[in-house]
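Okay, so here's the structure we're looking at.
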Amino acid sequence: MTAAHPTAHPTAHPTDALPDGTVDAVVIGGGAAGLNGALMLARSRRSVVVIDSGTPRNAPAEGVHGLLGLDGTPPAELYGRGREEVRRYGGLVVSGEVSAAEHAAPSADGDLRFAVTLADGRVLTARRLLVATGLRDVLPELPGLAEHWGSRVVHCPYCHGWEVRDEPIGILATGPASLHHALLFRQLTEDLVYFANGTELDGETRTRFAARGIQVVDAPVEEVVGDGDGGIRGVRLADGRVVERRVLAVATTLLARTEGLAGLGLRMENVPGGGRRFASGAAGATDVPGVWVAGNVTDPMAQVGASAAAGALAGAHINAVLAVADTGAAVEALAAAGNTGAATSA
């Protein structure tokens, strides 16, 4: 399998200096979920730092789609706006990668603490964490496939479907999820070929495909053939034939990005159809006190709008938990001051 996430080519952007002391929250990940979570926290006057590796999942895409009011906005432009919005309210956005995130000794009053270490050795201490690292799409090991990822090789009919409508499209089967994939892309074109590529199709499925005019090719696929101009000419089969296609749709394996996060002890679970994600509950809360998750790292099927909404909800929840903790600490401090005053008066 080939990872299609653009980790080798991070996007450069202005970076803030790390603050001294402990901050209310560190957000690990500068995509839609992370930035919207940070925005909610910053607007609540929380000290918040976003650690952004600059490698969002949708970096290869020309535009974000299905996002009301912002449809077609290039990902880099959308995230650039988001970073400036976070900064507008006092939040910080730091370019870098997290090499370790782990529990640290609590404060004197028992409040949680986490240590976040960056790849360059710098360390940041936080009261709470929001993990929004996203996921990595893993493609089948097929020559010629990965190089066209995000342009002529697509995965989501809602993210890319309109842009490839009426094209000769091929579905490269990877498992049971590909059967439904075919029905969704059939909505977008009348010229659809399903490359079974070693997967089994029962009689009922073949009848359903035939009824919709979906051609099935059972021969194994050997490579994706380029057109010499950056596009796709077709698919070469094991028998030597080339089936002409301009677009390939493939259901990827969805793997949460977990690098540097093992020390937190977050629980993971399988994704239906293949893949792994962080388990989460209401508002992105995890089994680990003080740690929340949001976006594709826990909801692999979420589009940009849903990821942003999840980040906002997690950010609001973190602020609410911090408000309770702050009030408890203030009550204890007041009680301690009162006892001291009483002893002094006596």
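Naming scheme: A, B, ... for chains in displayed order of the structure tokens; residues 1 onward per chain; ligands 1 onward as shown.
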Using only C-alpha atoms, what does the table of region 82-189 of chain A residues within 7 Å of region 234-255 of chain A look like, with each row giving the shortest atom pair and its distance in Å to one decimal, sorted by chain and ascending number, as CSV?
residue,atom,partner,partner_atom,distance
A:Leu135,CA,A:Leu255,CA,5.3
A:Arg136,CA,A:Leu255,CA,5.2
A:Asp137,CA,A:Leu254,CA,5.1
A:Val138,CA,A:Thr253,CA,5.0
A:Leu139,CA,A:Thr252,CA,5.4
A:Arg152,CA,A:Val247,CA,4.9
A:Val153,CA,A:Leu248,CA,4.8
A:Val154,CA,A:Ala249,CA,4.9
A:His155,CA,A:Val250,CA,5.1
A:Glu167,CA,A:Arg246,CA,6.4
A:Pro168,CA,A:Arg245,CA,5.1
A:Ile169,CA,A:Val247,CA,4.7
A:Gly170,CA,A:Leu248,CA,4.7
A:Ile171,CA,A:Ala249,CA,4.9
A:Leu172,CA,A:Val250,CA,5.2
A:Ala173,CA,A:Val250,CA,6.7
A:Thr174,CA,A:Ala251,CA,6.5
A:Ala177,CA,A:Ala251,CA,7.0
A:Ser178,CA,A:Ala251,CA,6.2
N, CA and C atoms of the current selection, written as a compact mmCIF listing (two decimals), in the first residue's frame:
# COMPACT_ATOMS: atom_id res chain seq x y z
N LEU A 135 -5.84 12.38 8.80
CA LEU A 135 -5.55 11.00 8.44
C LEU A 135 -4.69 10.94 7.19
N ARG A 136 -4.25 9.74 6.91
CA ARG A 136 -3.45 9.47 5.72
C ARG A 136 -4.22 8.48 4.85
N ASP A 137 -4.40 8.84 3.58
CA ASP A 137 -5.01 7.92 2.63
C ASP A 137 -3.94 6.96 2.12
N VAL A 138 -4.22 5.68 2.21
CA VAL A 138 -3.26 4.67 1.73
C VAL A 138 -3.85 4.02 0.48
N LEU A 139 -3.10 4.13 -0.60
CA LEU A 139 -3.54 3.62 -1.90
C LEU A 139 -3.00 2.21 -2.15
N ARG A 152 -6.38 13.11 -11.25
CA ARG A 152 -7.11 12.13 -12.05
C ARG A 152 -7.42 10.85 -11.28
N VAL A 153 -6.83 10.71 -10.10
CA VAL A 153 -7.18 9.62 -9.17
C VAL A 153 -7.87 10.25 -7.98
N VAL A 154 -9.13 9.90 -7.77
CA VAL A 154 -9.94 10.54 -6.74
C VAL A 154 -10.56 9.49 -5.85
N HIS A 155 -11.15 9.94 -4.74
CA HIS A 155 -11.74 8.97 -3.82
C HIS A 155 -13.16 9.32 -3.41
N GLU A 167 -17.01 12.27 -17.52
CA GLU A 167 -15.75 11.69 -18.00
C GLU A 167 -15.87 10.16 -18.02
N PRO A 168 -15.03 9.48 -18.81
CA PRO A 168 -14.94 8.03 -18.70
C PRO A 168 -14.22 7.69 -17.38
N ILE A 169 -14.96 7.14 -16.43
CA ILE A 169 -14.44 6.91 -15.08
C ILE A 169 -14.30 5.41 -14.84
N GLY A 170 -13.24 5.04 -14.14
CA GLY A 170 -13.06 3.66 -13.71
C GLY A 170 -13.08 3.57 -12.20
N ILE A 171 -13.70 2.53 -11.69
CA ILE A 171 -13.66 2.24 -10.25
C ILE A 171 -12.65 1.13 -10.04
N LEU A 172 -11.59 1.42 -9.30
CA LEU A 172 -10.59 0.41 -8.98
C LEU A 172 -10.99 -0.24 -7.66
N ALA A 173 -11.48 -1.46 -7.72
CA ALA A 173 -12.01 -2.12 -6.53
C ALA A 173 -10.90 -2.44 -5.54
N THR A 174 -11.18 -2.16 -4.28
CA THR A 174 -10.25 -2.50 -3.20
C THR A 174 -10.92 -3.35 -2.13
N ALA A 177 -16.44 -1.85 0.03
CA ALA A 177 -16.84 -0.45 -0.07
C ALA A 177 -16.87 0.04 -1.51
N SER A 178 -16.11 -0.60 -2.37
CA SER A 178 -16.04 -0.16 -3.76
C SER A 178 -17.35 -0.40 -4.51
Inset, instruction - Once DSSP has gone over the backbone, tell me which residues of region 93-284 of chain A are in strand (DSSP E), as a ChimeraX atom specification. - result: /A:93-95,98-104,113-118,123-131,135-139,153-154,169-172,192-195,215-217,221-226,232-237,242-244,247-250,253-256,268-270,275-278
Proximity check region 93-186 of chain A to region 265-272 of chain A, 10 Å, nearest pairs one decimal Å, only C-alpha atoms, as CSV:
residue,atom,partner,partner_atom,distance
A:Ala101,CA,A:Gly265,CA,9.9
A:Glu102,CA,A:Gly265,CA,8.5
A:His103,CA,A:Gly265,CA,9.5
A:Ala177,CA,A:Pro272,CA,9.1
Could you pull the residues within 6 Å of Thr117 (chain A), counting only C-alpha atoms, minus those fewer than 3 positions along the same chain, as a short mmCIF file (atom, residue, chain, number, x, y, z; two decimals) with all heavy atoms, in the first residue's frame?
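Just written: result-v9.cif:
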data_model
loop_
_atom_site.label_atom_id
_atom_site.label_comp_id
_atom_site.auth_asym_id
_atom_site.auth_seq_id
_atom_site.Cartn_x
_atom_site.Cartn_y
_atom_site.Cartn_z
N VAL A 98 5.13 17.45 15.80
CA VAL A 98 5.20 16.96 17.17
C VAL A 98 5.91 15.61 17.18
O VAL A 98 5.49 14.68 16.49
CB VAL A 98 3.80 16.83 17.78
CG1 VAL A 98 3.85 16.13 19.14
CG2 VAL A 98 3.16 18.21 17.92
N SER A 99 6.99 15.53 17.93
CA SER A 99 7.71 14.26 18.05
C SER A 99 7.25 13.46 19.26
O SER A 99 7.40 12.24 19.30
CB SER A 99 9.22 14.49 18.14
OG SER A 99 9.54 15.26 19.28
N ALA A 100 6.68 14.15 20.27
CA ALA A 100 6.18 13.46 21.45
C ALA A 100 5.16 14.33 22.16
O ALA A 100 5.33 15.55 22.27
CB ALA A 100 7.31 13.12 22.41
N ARG A 122 12.14 21.73 20.91
CA ARG A 122 11.43 22.67 21.76
C ARG A 122 10.26 21.98 22.47
O ARG A 122 9.65 21.07 21.90
CB ARG A 122 10.91 23.85 20.94
CG ARG A 122 12.00 24.77 20.39
CD ARG A 122 11.40 25.88 19.54
NE ARG A 122 10.76 25.36 18.34
CZ ARG A 122 9.99 26.09 17.53
NH1 ARG A 122 9.74 27.36 17.82
NH2 ARG A 122 9.46 25.56 16.45
N VAL A 123 9.97 22.43 23.69
CA VAL A 123 8.92 21.80 24.50
C VAL A 123 7.91 22.86 24.93
O VAL A 123 8.28 23.97 25.31
CB VAL A 123 9.52 21.11 25.74
CG1 VAL A 123 8.41 20.47 26.58
CG2 VAL A 123 10.54 20.06 25.32
#
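We find CA of Asn319 (chain A) and CA of Pro300 (chain A) to be spaced 24.8 Å apart.
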